[in-house]
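**Q** Sharing entry-v3.txt, compact mmCIF, C-alpha atoms:
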# COMPACT_ATOMS: atom_id res chain seq x y z
CA MET G 16 -0.56 -18.22 -5.06
CA ARG G 17 1.99 -18.90 -2.36
CA PHE G 18 -0.76 -18.34 0.13
CA THR G 19 -3.10 -20.91 -1.44
CA THR G 20 -0.45 -23.58 -1.35
CA LEU G 21 0.24 -22.93 2.28
CA THR G 22 -3.41 -22.98 3.25
CA LEU G 23 -3.91 -26.21 1.37
CA ALA G 24 -0.95 -27.74 3.15
CA ALA G 25 -2.40 -26.69 6.47
CA VAL G 26 -5.77 -28.20 5.57
CA PHE G 27 -4.19 -31.56 4.82
CA ALA G 28 -2.04 -31.47 7.93
CA ALA G 29 -4.92 -30.63 10.21
CA GLY G 30 -7.27 -33.12 8.55
CA ILE G 31 -10.80 -33.32 9.90
CA ALA G 32 -10.32 -30.72 12.60
CA GLN G 33 -9.56 -28.10 9.96
CA ALA G 34 -12.68 -28.97 7.98
CA ASP G 35 -14.71 -28.18 11.09
CA ALA G 36 -12.94 -24.88 11.64
CA VAL G 37 -15.00 -21.84 12.53
CA ALA G 38 -15.21 -19.75 9.33
CA PRO G 39 -13.80 -16.20 9.48
CA GLY G 40 -17.27 -14.70 9.23
CA ASP G 41 -18.63 -16.83 12.08
CA VAL G 42 -16.13 -15.95 14.81
CA LYS G 43 -17.89 -14.63 17.96
CA PHE G 44 -16.26 -11.82 19.88
CA ASN G 45 -16.79 -10.93 23.52
CA GLU G 46 -15.19 -7.53 24.22
CA GLY G 47 -12.40 -8.24 21.76
CA ALA G 48 -11.79 -11.78 23.01
CA VAL G 49 -12.66 -15.02 21.22
CA GLU G 50 -13.40 -17.78 23.74
CA GLN G 51 -13.92 -20.67 21.36
CA SER G 52 -10.93 -22.37 19.73
CA LEU G 53 -11.21 -21.98 15.96
CA THR G 54 -10.36 -25.65 15.42
CA GLY G 55 -11.68 -27.18 18.62
CA MET G 56 -8.16 -28.43 19.30
CA PRO G 57 -5.20 -26.98 21.18
CA GLY G 58 -2.55 -25.36 18.98
CA ASN G 59 1.08 -26.38 18.62
CA ALA G 60 3.38 -23.78 20.17
CA GLU G 61 6.41 -24.88 18.15
CA GLU G 62 4.56 -24.42 14.88
CA GLY G 63 3.25 -21.15 16.28
CA PHE G 64 6.76 -19.85 16.75
CA LYS G 65 7.63 -20.66 13.14
CA ILE G 66 4.57 -18.78 11.94
CA TYR G 67 5.45 -15.84 14.19
CA ALA G 68 8.98 -15.60 12.80
CA SER G 69 8.41 -16.47 9.13
CA LYS G 70 8.25 -13.62 6.66
CA GLN G 71 5.98 -15.74 4.45
CA LEU G 72 3.52 -16.56 7.25
CA GLY G 73 2.72 -14.33 10.22
CA ASN G 74 5.69 -12.01 9.74
CA CYS G 75 5.00 -10.77 13.26
CA VAL G 76 8.71 -9.93 13.62
CA ALA G 77 8.21 -7.16 11.07
CA CYS G 78 6.65 -5.16 13.88
CA HIS G 79 7.36 -6.99 17.17
CA GLU G 80 10.34 -8.10 19.20
CA ILE G 81 10.66 -10.71 21.92
CA SER G 82 13.86 -10.43 23.94
CA SER G 83 14.38 -14.19 24.27
CA VAL G 84 14.17 -14.61 20.48
CA ASP G 85 17.19 -13.88 18.35
CA ALA G 86 15.29 -12.77 15.25
CA GLN G 87 17.11 -11.01 12.47
CA PHE G 88 15.83 -7.43 12.09
CA PRO G 89 12.85 -7.36 14.43
CA GLY G 90 10.70 -4.27 13.95
CA ASP G 91 9.46 -1.88 16.63
CA VAL G 92 6.23 -0.58 15.14
CA GLY G 93 4.37 -2.72 17.70
CA PRO G 94 5.13 -3.26 21.41
CA MET G 95 7.52 -5.93 22.67
CA LEU G 96 5.71 -9.21 23.22
CA ASP G 97 7.64 -10.31 26.30
CA GLY G 98 5.10 -11.50 28.84
CA ALA G 99 2.19 -11.35 26.38
CA GLY G 100 0.98 -14.71 27.70
CA GLU G 101 0.72 -13.20 31.17
CA ARG G 102 -0.94 -9.93 30.18
CA TRP G 103 -3.58 -11.58 28.02
CA THR G 104 -5.74 -14.68 28.33
CA GLU G 105 -5.78 -17.21 25.53
CA ALA G 106 -9.17 -15.90 24.43
CA GLN G 107 -7.87 -12.34 24.30
CA LEU G 108 -4.80 -13.37 22.29
CA ARG G 109 -7.05 -15.24 19.86
CA GLY G 110 -9.18 -12.12 19.49
CA ILE G 111 -6.14 -9.90 18.86
CA LEU G 112 -4.98 -12.26 16.11
CA VAL G 113 -8.35 -12.85 14.45
CA ASN G 114 -9.23 -9.15 14.32
CA SER G 115 -6.84 -6.82 16.11
CA LYS G 116 -9.22 -3.89 15.57
CA MET G 117 -11.72 -5.36 18.04
CA THR G 118 -9.18 -4.89 20.84
CA PHE G 119 -7.13 -1.93 19.61
CA GLU G 120 -9.28 0.55 17.78
CA GLY G 121 -7.61 1.82 14.62
CA THR G 122 -4.44 -0.23 15.15
CA VAL G 123 -1.92 -0.75 12.34
CA MET G 124 -1.74 -4.44 13.25
CA PRO G 125 -3.36 -6.54 10.48
CA SER G 126 -6.32 -8.83 11.16
CA TYR G 127 -5.15 -12.39 10.53
CA TYR G 128 -8.47 -14.24 10.28
CA ARG G 129 -10.83 -11.92 8.50
CA VAL G 130 -11.90 -11.86 4.85
CA ASP G 131 -14.18 -8.88 4.38
CA GLY G 132 -14.28 -5.11 4.72
CA PHE G 133 -11.06 -4.36 2.83
CA THR G 134 -10.42 -1.50 0.38
CA ARG G 135 -9.00 -2.76 -2.93
CA PRO G 136 -7.87 -6.15 -1.59
CA GLY G 137 -5.11 -7.65 -3.71
CA LYS G 138 -3.91 -11.04 -4.77
CA VAL G 139 -1.16 -11.57 -2.20
CA TYR G 140 1.76 -9.24 -3.09
CA THR G 141 1.23 -9.12 -6.85
CA GLY G 142 -0.47 -5.73 -6.86
CA LYS G 143 -3.32 -7.31 -8.85
CA ALA G 144 -6.93 -7.56 -7.67
CA ALA G 145 -7.90 -10.39 -5.33
CA ASP G 146 -9.45 -13.44 -7.00
CA ASP G 147 -10.99 -16.77 -5.89
CA SER G 148 -7.83 -17.71 -4.04
CA PHE G 149 -8.39 -14.88 -1.52
CA GLY G 150 -8.43 -16.14 2.07
CA PRO G 151 -7.47 -15.05 5.59
CA LEU G 152 -3.78 -14.24 6.28
CA LEU G 153 -3.52 -17.33 8.50
CA SER G 154 -5.61 -20.52 8.66
CA ALA G 155 -7.65 -21.46 11.75
CA GLN G 156 -4.97 -23.99 12.71
CA GLN G 157 -2.20 -21.44 12.29
CA ILE G 158 -4.06 -18.96 14.51
CA GLU G 159 -4.39 -21.62 17.22
CA ASP G 160 -0.68 -22.44 16.90
CA VAL G 161 0.33 -18.78 17.35
CA VAL G 162 -2.06 -18.43 20.31
CA ALA G 163 -0.37 -21.48 21.87
CA TYR G 164 3.05 -19.94 21.29
CA LEU G 165 2.13 -16.51 22.67
CA SER G 166 0.67 -18.18 25.78
CA THR G 167 4.15 -19.50 26.58
CA LEU G 168 5.55 -15.94 26.83
CA LYS G 169 5.24 -15.62 30.60
CA ASP G 170 8.23 -13.72 31.93
CA SER G 171 7.99 -10.00 31.39
CA MET S 938 -11.73 -3.20 27.15
CA ASN S 939 -10.27 -0.85 24.62
CA PHE S 940 -9.21 1.56 27.27
CA LYS S 941 -7.72 -1.10 29.50
CA ALA S 942 -5.80 -2.55 26.59
CA MET S 943 -4.44 0.81 25.56
CA SER S 944 -3.22 1.72 29.03
CA LEU S 945 -1.50 -1.63 29.28
CA ILE S 946 0.27 -0.88 26.05
CA SER S 947 1.47 2.50 27.21
CA ALA S 948 2.71 0.95 30.41
CA VAL S 949 4.68 -1.53 28.37
CA ALA S 950 5.95 1.16 26.04
CA LEU S 951 7.14 3.28 28.96
CA ALA S 952 9.07 0.39 30.42
CA LEU S 953 11.00 -0.11 27.19
CA PRO S 954 14.38 1.37 26.47
CA THR S 955 14.21 3.71 23.48
CA PHE S 956 15.94 2.66 20.31
CA GLY S 957 18.28 5.57 19.65
CA ALA S 958 19.57 3.91 16.51
CA ALA S 959 16.20 4.22 14.82
CA ASP S 960 15.88 7.99 15.08
CA PRO S 961 16.70 10.11 12.04
CA VAL S 962 20.31 11.28 12.16
CA ASP S 963 21.40 14.81 12.92
CA ASP S 964 23.40 15.66 9.81
CA GLN S 965 23.79 18.32 7.13
CA LEU S 966 23.74 17.74 3.40
CA VAL S 967 25.90 19.97 1.22
CA ILE S 968 26.38 18.69 -2.32
CA ASN S 969 29.72 19.29 -4.10
CA GLU S 970 30.67 21.53 -1.15
CA ASP S 971 28.35 24.03 -2.74
CA ILE S 972 24.62 23.27 -2.81
CA GLU S 973 23.05 23.41 0.64
CA ILE S 974 20.10 21.08 0.99
CA VAL S 975 17.37 21.68 3.55
CA THR S 976 16.64 18.17 4.82
CA LYS S 977 14.54 19.22 7.81
CA THR S 978 12.22 22.16 8.26
CA THR S 979 8.99 23.37 9.83
CA ALA S 980 5.96 21.68 8.30
CA ALA S 981 3.66 23.62 5.98
CA PRO S 982 0.51 25.03 7.68
CA HIS S 983 -1.73 22.43 6.01
CA LEU S 984 0.04 19.71 8.04
CA GLU S 985 -1.01 21.18 11.38
CA GLY S 986 -2.07 18.40 13.73
CA HIS S 987 -0.25 15.85 11.58
CA LEU S 988 3.43 16.80 11.52
CA ASP S 989 5.45 19.59 13.13
CA GLU S 990 8.63 19.00 11.18
CA VAL S 991 9.18 17.55 7.74
CA MET S 992 12.30 15.53 6.93
CA SER S 993 13.93 14.20 3.83
CA GLY S 994 14.34 10.43 3.52
CA TRP S 995 18.08 11.17 3.39
CA LEU S 996 18.13 11.56 7.21
CA PHE S 997 16.88 7.99 7.62
CA ARG S 998 19.55 6.28 5.54
CA SER S 999 22.90 4.83 6.65
CA ASP S 1000 26.15 6.82 6.80
CA SER S 1001 27.51 5.29 3.61
CA THR S 1002 24.28 5.82 1.64
CA ARG S 1003 24.09 9.44 2.81
CA ASP S 1004 27.70 10.05 1.83
CA MET S 1005 27.04 9.03 -1.77
CA GLU S 1006 24.89 12.11 -2.17
CA ARG S 1007 27.51 14.61 -1.03
CA ASP S 1008 29.42 14.55 -4.28
CA ASP S 1009 28.10 14.12 -7.83
CA PHE S 1010 30.97 11.76 -8.64
CA ASP S 1011 29.75 9.37 -5.95
CA ASN S 1012 26.06 9.68 -6.84
CA PRO S 1013 25.08 7.02 -9.42
CA GLY S 1014 21.89 8.97 -10.09
CA MET S 1015 23.98 11.69 -11.73
CA ILE S 1016 25.00 9.31 -14.51
CA PHE S 1017 21.36 9.29 -15.53
CA ALA S 1018 21.13 13.07 -15.27
CA GLU S 1019 24.03 13.22 -17.75
CA GLN S 1020 22.14 10.91 -20.07
CA GLY S 1021 19.26 13.31 -19.67
CA ALA S 1022 21.49 16.19 -20.75
CA GLU S 1023 22.36 14.30 -23.93
CA ILE S 1024 18.71 13.70 -24.70
CA TRP S 1025 18.05 17.37 -23.94
CA ASN S 1026 20.35 18.42 -26.77
CA THR S 1027 19.29 15.78 -29.29
CA ALA S 1028 16.64 16.53 -31.92
CA ASP S 1029 13.78 14.03 -32.00
CA GLY S 1030 10.41 13.67 -33.76
CA THR S 1031 8.93 15.01 -37.00
CA GLU S 1032 9.70 18.67 -36.15
CA GLY S 1033 13.41 17.97 -35.86
CA LYS S 1034 13.68 19.87 -32.60
CA SER S 1035 15.44 19.20 -29.31
CA CYS S 1036 14.42 20.44 -25.85
CA ALA S 1037 17.35 22.87 -26.06
CA ASP S 1038 15.90 24.50 -29.19
CA CYS S 1039 12.96 25.85 -27.19
CA HIS S 1040 14.29 26.00 -23.64
CA GLY S 1041 18.01 26.81 -23.90
CA ALA S 1042 20.35 25.25 -21.35
CA PRO S 1043 19.06 22.78 -18.73
CA GLU S 1044 20.15 25.29 -16.07
CA ASP S 1045 17.58 27.71 -17.49
CA MET S 1046 14.97 25.30 -16.15
CA ALA S 1047 16.11 25.77 -12.52
CA GLY S 1048 13.04 26.08 -10.30
CA VAL S 1049 10.73 24.06 -12.55
CA ARG S 1050 10.98 20.73 -10.68
CA ALA S 1051 10.21 22.56 -7.42
CA VAL S 1052 6.68 23.63 -8.42
CA TYR S 1053 5.44 20.40 -10.04
CA PRO S 1054 2.83 18.86 -10.09
CA LYS S 1055 1.13 22.03 -11.21
CA TRP S 1056 -2.22 23.21 -12.57
CA ASN S 1057 -2.22 23.64 -16.35
CA GLU S 1058 -4.79 26.24 -17.26
CA ALA S 1059 -5.10 25.38 -20.97
CA ALA S 1060 -5.52 21.67 -20.30
CA GLY S 1061 -7.70 22.23 -17.22
CA GLU S 1062 -5.83 19.61 -15.20
CA VAL S 1063 -3.00 19.11 -12.73
CA ARG S 1064 0.08 17.88 -14.55
CA THR S 1065 3.16 16.14 -13.29
CA LEU S 1066 6.54 17.02 -14.75
CA GLN S 1067 6.52 13.84 -16.83
CA MET S 1068 3.10 14.71 -18.27
CA GLN S 1069 4.40 18.15 -19.23
CA ILE S 1070 7.54 16.68 -20.81
CA ASN S 1071 5.41 14.30 -22.86
CA ASP S 1072 3.17 17.17 -23.93
CA CYS S 1073 6.25 18.90 -25.36
CA ARG S 1074 7.35 15.70 -27.06
CA GLU S 1075 4.02 14.99 -28.69
CA ASN S 1076 2.76 18.46 -29.51
CA ARG S 1077 5.90 20.51 -30.12
CA MET S 1078 8.43 17.95 -31.29
CA GLY S 1079 6.18 15.44 -33.01
CA ALA S 1080 7.92 12.70 -31.01
CA LYS S 1081 6.43 9.71 -29.23
CA ALA S 1082 5.48 10.05 -25.58
CA TRP S 1083 7.70 8.19 -23.13
CA GLY S 1084 6.14 5.58 -20.85
CA TYR S 1085 5.49 6.69 -17.29
CA ASP S 1086 8.62 6.29 -15.11
CA LYS S 1087 10.24 4.59 -18.11
CA GLY S 1088 12.49 5.21 -21.08
CA GLY S 1089 13.69 8.80 -21.37
CA SER S 1090 11.40 9.96 -18.56
CA MET S 1091 13.76 9.03 -15.74
CA PRO S 1092 16.98 10.58 -17.12
CA MET S 1093 15.05 13.72 -18.12
CA GLU S 1094 13.39 14.03 -14.73
CA ALA S 1095 16.78 13.47 -13.07
CA LEU S 1096 18.28 16.26 -15.18
CA LEU S 1097 15.51 18.71 -14.37
CA ALA S 1098 15.65 17.82 -10.67
CA SER S 1099 19.45 18.21 -10.59
CA VAL S 1100 19.33 21.82 -11.81
CA SER S 1101 16.77 22.67 -9.10
CA ARG S 1102 18.72 21.17 -6.23
CA GLY S 1103 18.74 23.40 -3.18
CA LEU S 1104 15.59 25.28 -4.17
CA PRO S 1105 12.56 24.77 -1.90
CA VAL S 1106 9.75 22.48 -3.00
CA ASN S 1107 6.79 24.79 -3.40
CA VAL S 1108 3.75 23.22 -5.01
CA GLU S 1109 0.52 25.21 -5.22
CA ILE S 1110 -2.40 23.56 -3.44
CA ASP S 1111 -5.04 26.27 -3.45
CA GLY S 1112 -7.01 27.57 -6.40
CA PRO S 1113 -7.80 25.20 -9.24
CA ALA S 1114 -5.40 22.47 -7.99
CA LYS S 1115 -7.35 22.16 -4.75
CA GLU S 1116 -9.73 19.44 -5.90
CA THR S 1117 -6.88 17.20 -7.09
CA TRP S 1118 -4.97 17.88 -3.88
CA GLU S 1119 -8.00 16.85 -1.79
CA LYS S 1120 -8.27 13.65 -3.77
CA GLY S 1121 -4.59 12.92 -3.16
CA LYS S 1122 -5.04 13.57 0.53
CA GLU S 1123 -7.92 11.11 0.68
CA ILE S 1124 -5.76 8.45 -0.98
CA TYR S 1125 -2.93 9.18 1.49
CA TYR S 1126 -5.17 8.41 4.45
CA THR S 1127 -7.01 5.42 2.97
CA ARG S 1128 -6.10 2.06 4.49
CA TYR S 1129 -5.64 -0.15 1.46
CA GLY S 1130 -5.36 -3.88 1.02
CA GLN S 1131 -5.64 -6.91 3.21
CA LEU S 1132 -3.11 -5.41 5.63
CA GLU S 1133 -5.25 -2.25 5.88
CA LEU S 1134 -2.36 0.20 5.91
CA SER S 1135 -2.40 3.79 4.67
CA CYS S 1136 0.58 5.91 3.70
CA ALA S 1137 0.00 7.77 6.98
CA ASN S 1138 0.09 4.56 9.06
CA CYS S 1139 3.69 4.01 8.02
CA HIS S 1140 5.05 7.45 7.11
CA GLU S 1141 3.21 9.77 9.51
CA GLU S 1142 2.54 7.59 12.57
CA ASN S 1143 5.62 5.39 12.43
CA TYR S 1144 8.48 7.27 10.80
CA GLY S 1145 11.66 6.64 12.77
CA ASN S 1146 10.48 3.12 13.65
CA MET S 1147 11.70 -0.10 12.09
CA ILE S 1148 9.37 -2.23 10.04
CA ARG S 1149 11.46 -5.36 9.87
CA ALA S 1150 14.82 -4.23 8.42
CA ASP S 1151 13.46 -0.98 7.00
CA HIS S 1152 13.90 2.31 8.77
CA LEU S 1153 10.67 4.15 8.05
CA SER S 1154 11.04 7.70 6.75
CA GLN S 1155 8.30 10.25 6.19
CA GLY S 1156 7.96 9.01 2.61
CA GLN S 1157 8.81 12.42 1.16
CA ILE S 1158 9.39 12.83 -2.59
CA ASN S 1159 11.72 15.85 -2.63
CA GLY S 1160 14.54 13.41 -3.49
CA PHE S 1161 12.93 11.89 -6.58
CA PRO S 1162 13.87 10.39 -8.87
CA THR S 1163 15.91 8.22 -6.51
CA TYR S 1164 18.72 5.86 -7.35
CA ARG S 1165 18.10 2.77 -5.24
CA LEU S 1166 20.99 0.52 -4.29
CA LYS S 1167 18.44 -2.28 -4.17
CA ASN S 1168 17.55 -2.22 -7.88
CA THR S 1169 20.49 -0.12 -9.15
CA LYS S 1170 18.36 2.20 -11.28
CA LEU S 1171 16.45 5.44 -11.06
CA ASN S 1172 12.99 5.12 -9.56
CA GLY S 1173 10.08 7.48 -10.09
CA SER S 1174 7.74 8.49 -7.29
CA HIS S 1175 4.74 6.75 -8.88
CA SER S 1176 6.66 3.47 -9.02
CA ARG S 1177 7.48 3.92 -5.35
CA PHE S 1178 3.81 4.56 -4.52
CA LYS S 1179 2.92 1.44 -6.47
CA GLY S 1180 5.40 -0.68 -4.50
CA CYS S 1181 4.21 0.67 -1.16
CA ILE S 1182 0.53 -0.02 -1.96
CA ARG S 1183 1.37 -3.48 -3.33
CA ASP S 1184 3.07 -4.23 0.00
CA THR S 1185 -0.25 -3.78 1.80
CA ARG S 1186 -1.60 -6.74 -0.24
CA ALA S 1187 -3.74 -4.37 -2.25
CA GLU S 1188 -4.69 -3.91 -5.86
CA THR S 1189 -2.44 -0.98 -6.76
CA PHE S 1190 -2.88 1.98 -9.09
CA ASN S 1191 -0.51 2.44 -12.00
CA PRO S 1192 2.19 5.03 -12.67
CA GLY S 1193 0.60 7.94 -14.51
CA SER S 1194 -2.94 7.12 -13.29
CA PRO S 1195 -5.13 10.03 -12.14
CA GLU S 1196 -4.92 8.59 -8.61
CA PHE S 1197 -1.12 8.77 -8.55
CA VAL S 1198 -1.06 12.22 -10.16
CA ALA S 1199 -3.27 13.42 -7.29
CA LEU S 1200 -1.20 11.53 -4.73
CA GLU S 1201 2.03 13.03 -6.12
CA LEU S 1202 0.63 16.53 -5.72
CA TYR S 1203 -0.44 15.80 -2.16
CA VAL S 1204 2.80 14.08 -1.10
CA ALA S 1205 4.87 16.83 -2.77
CA SER S 1206 2.92 19.42 -0.76
CA ARG S 1207 3.82 17.59 2.46
CA GLY S 1208 7.43 18.36 1.54
CA ASN S 1209 6.93 22.06 0.79
CA GLY S 1210 9.97 23.82 2.25
CA LEU S 1211 12.38 20.91 1.88
CA SER S 1212 14.96 21.33 -0.88
CA VAL S 1213 14.70 19.60 -4.21
CA GLU S 1214 17.30 16.85 -3.76
CA GLY S 1215 16.96 14.56 -6.79
CA PRO S 1216 18.47 12.50 -8.10
CA SER S 1217 18.97 11.17 -4.57
CA VAL S 1218 20.44 7.90 -3.31
CA ARG S 1219 18.40 5.49 -1.20
CA ASN S 1220 18.63 1.82 -0.32
Rewrite the structure of this file - the entire thing - as structure tokens.
**A**
Amino acid sequence: MRFTTLTLAAVFAAGIAQADAVAPGDVKFNEGAVEQSLTGMPGNAEEGFKIYASKQLGNCVACHEISSVDAQFPGDVGPMLDGAGERWTEAQLRGILVNSKMTFEGTVMPSYYRVDGFTRPGKVYTGKAADDSFGPLLSAQQIEDVVAYLSTLKDS
Amino acid sequence: MNFKAMSLISAVALALPTFGAADPVDDQLVINEDIEIVTKTTAAPHLEGHLDEVMSGWLFRSDSTRDMERDDFDNPGMIFAEQGAEIWNTADGTEGKSCADCHGAPEDMAGVRAVYPKWNEAAGEVRTLQMQINDCRENRMGAKAWGYDKGGSMPMEALLASVSRGLPVNVEIDGPAKETWEKGKEIYYTRYGQLELSCANCHEENYGNMIRADHLSQGQINGFPTYRLKNTKLNGSHSRFKGCIRDTRAETFNPGSPEFVALELYVASRGNGLSVEGPSVRN
């Protein structure tokens, strides 16, 4: 429910660009990387940071830490993301976000722009079965925003 | 690509300082200065290749939460065990019998909690302790069954756990229980939900790590039922399983379902050798 509202909001905000977004099933991978922007437009790094840190959105901080960010309770299930924008190209970062499993086989990191292949997918965190409102964890625009933010993480 | 990515990750990991704070503590649990609890021991043979040592969730909690379990007066879970003792002695149902009429004192049931879930030959199924308790209620007392993880079930389970404290968990996994155990194992390693996370992803591969503010334990159930400071009540293991699966954005199973009965047997067997510790205190 919460998710639907957020996606809708993103659709309105992104306007026409969002309507032209590459659908989750149509994303093309090249060795884990996704060259083409999902929206055809550059992302907004500031928005990307909010998505990274928000429990309701990316919740990346549940598993990752960035030393320059003063997040409350960062997790350490995943590696530190300092310098991620140096280690990875934009296309690689996009690929890791869209479907982490294409880069890291068997990883615990969720795939943020994928809608199929799940076992007993649920309706957000209700514990009930998924219904028509089921969509990717992040919208195309949100993925681009996070990619833009991660690309700014240069100093390792 | 995969290989290159992985070696990069290990390089990064090596360069990081280790988070000492996140490791399980080195501490001993003795309850009421009397009951010694094994909170860490060599893993059962069936865990070979998965875990070398098994640890109670107690070792992953804060100093103050751990301390609450050292004395029954400080353990809020024991209030429920006392309620359980009252129910134990109270007649209920059309037969006018109490648990005590057939089983004597609660202490006479020491060792029972430690071997459940257990194969029931007559019924031809694996039964959890709550299923067995409800069988007594319905068929011997003529009383209504309690809901799973609800009503009288929690105080009664707390009572039966409390009299087994210190005894090693020892559930049978071979013989007729094997099929159910295998099913539970399959569930344990299945990556459920939109987040595609299995029990093992969190509790076998990442115990000791932080997932946001939560210090991941091995997800053992030797301490159940647990009094959680978060919801200030006793929680059954099936309710805990349900919450963990829900958190993967999955359609969960329900307390008392065949899936959770199988999962309880399997998870209990991962704790074989740890002491029964319930009712425990967790956050």
**Q** S:Phe1178, S:Gln1131, S:Met1005, S:Gly1215: which is nearest G:Tyr140, counting all atoms listed in the file?
**A**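 Among S:Phe1178, S:Gln1131, S:Met1005, S:Gly1215, it is S:Gln1131 that comes nearest to G:Tyr140.
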**Q** Can you list, as a list in words, every protein, DNA or RNA residue that comes within 10 Å of S:Ser1099 when you count all atoms listed in the file, leaving out same-chain residues fewer than 5 positions away?
**A**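 Within the cut-off, the hits are Asp1009, Gly1014, Met1015, Ala1018, Glu1019, Pro1043, Glu1044, Ala1047, Arg1050, Met1093, Glu1094, Gly1160, Phe1161, Pro1162, Val1213, Glu1214, Gly1215, Pro1216 and Ser1217 of chain S.
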**Q** Rounded to one decimal in Å, what is the spacing between atom CA of S:Thr979 and atom CA of S:Ser1176?
**A**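 One can read the atom CA of S:Thr979 to atom CA of S:Ser1176 distance as 27.5 Å.
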**Q** Can you build me a table of chain S residues sitting at most 7 Å from chain G, with the closest atom pair per residue and its distance in Å to one decimal, using only C-alpha atoms, sorted by chain and residue number, as a tab-separated table?
**A**
residue	atom	partner	partner_atom	distance
S:Met938	CA	G:Glu46	CA	6.3
S:Asn939	CA	G:Thr118	CA	5.6
S:Ala950	CA	G:Pro94	CA	6.5
S:Arg1128	CA	G:Thr134	CA	6.9
S:Tyr1129	CA	G:Thr134	CA	5.1
S:Gly1130	CA	G:Pro136	CA	4.3
S:Gln1131	CA	G:Pro136	CA	5.3
S:Leu1132	CA	G:Pro125	CA	5.0
S:Glu1133	CA	G:Pro125	CA	6.6
S:Leu1134	CA	G:Val123	CA	6.5
S:Asn1138	CA	G:Val123	CA	6.6
S:Asn1143	CA	G:Val92	CA	6.6
S:Asn1146	CA	G:Val92	CA	5.8
S:Met1147	CA	G:Gly90	CA	4.7
S:Ile1148	CA	G:Gly90	CA	4.6
S:Arg1149	CA	G:Ala77	CA	3.9
S:Ala1150	CA	G:Phe88	CA	5.0
S:Arg1183	CA	G:Gly142	CA	4.6
S:Asp1184	CA	G:Tyr140	CA	6.0
S:Arg1186	CA	G:Gly137	CA	5.0
S:Ala1187	CA	G:Gly137	CA	3.8
S:Glu1188	CA	G:Gly137	CA	4.3
S:Thr1189	CA	G:Gly142	CA	5.1
**Q** Please indicate the distance in Å from atom CA of S:Ser1001 to atom CA of S:Met1091, rounded to one decimal place.
**A** 24.0 Å
**Q** From the options G:Leu72, G:Ile81, G:Ala155, G:Ile111, which residue's atoms come nearest to G:Ser52, counting all atoms listed in the file?
**A**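 So, comparing all the options, the nearest one is G:Ala155.
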**Q** Of the candidates S:Asn1172, S:Asp1072, S:Val967, S:Val1106, which one gets nearest to S:Gly1048 if we count only C-alpha atoms?
**A**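 The shortest atom-to-atom distance to S:Gly1048 comes from S:Val1106.
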**Q** Using all atoms listed in the file, which of the listed residues (S:Leu1166, S:Ile1182, S:Leu1104, S:Ala1082) sits closest to S:Thr1002?
**A**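 Using all atoms listed in the file, the shortest distance to S:Thr1002 belongs to S:Leu1166.
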**Q** What does the distance from atom CA of S:Ile1024 to atom CA of S:Asn1076 come to in Å, to one decimal?
**A**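 Atom-to-atom, atom CA of S:Ile1024 to atom CA of S:Asn1076, that is 17.3 Å.
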**Q** Residues proximal to (-4.9, 13.3, -4.0) were defined as those with any atom within 8 Å of that point in the file's coordinates, counting only C-alpha atoms. Which are they, as a PyMOL selection string?
**A** chain S and resi 1117-1125+1196-1203
**Q** Would you kindly return, as a PyMOL selection string, each protein, DNA or RNA residue with an atom no farther than 8 Å from any atom of S:Phe1017, considering all atoms listed in the file and excluding same-chain residues fewer than 6 positions away?
**A** chain S and resi 1091-1092+1095-1096+1171
**Q** Any idea what's packed within 10 Å of S:Asn1220, counting only C-alpha atoms, ignoring anything in its chain fewer than 3 positions away? Could you give it as a PyMOL selection string?
**A** chain S and resi 998-999+1002-1003+1151+1163-1169
**Q** Start from the incomplete input, build N, CA and C atoms for stretch 35-42 of chain G, and deliver everything as a compact mmCIF listing (two decimals), in the coordinates of the input.
**A**
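So the final result, stored in rebuild.txt, reads:
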# COMPACT_ATOMS: atom_id res chain seq x y z
N ASP G 35 -13.69 -28.65 10.17
CA ASP G 35 -14.71 -28.18 11.09
C ASP G 35 -14.41 -26.78 11.62
N ALA G 36 -13.37 -26.17 11.10
CA ALA G 36 -12.94 -24.88 11.64
C ALA G 36 -14.05 -23.84 11.56
N VAL G 37 -14.07 -22.96 12.55
CA VAL G 37 -15.00 -21.84 12.53
C VAL G 37 -14.60 -20.94 11.36
N ALA G 38 -15.53 -20.61 10.48
CA ALA G 38 -15.21 -19.75 9.33
C ALA G 38 -14.95 -18.32 9.80
N PRO G 39 -14.12 -17.57 9.06
CA PRO G 39 -13.80 -16.20 9.48
C PRO G 39 -15.04 -15.36 9.80
N GLY G 40 -16.08 -15.52 9.01
CA GLY G 40 -17.27 -14.70 9.23
C GLY G 40 -18.10 -15.13 10.44
N ASP G 41 -17.81 -16.31 10.98
CA ASP G 41 -18.63 -16.83 12.08
C ASP G 41 -17.99 -16.69 13.46
N VAL G 42 -16.82 -16.07 13.52
CA VAL G 42 -16.13 -15.95 14.81
C VAL G 42 -16.92 -15.02 15.73
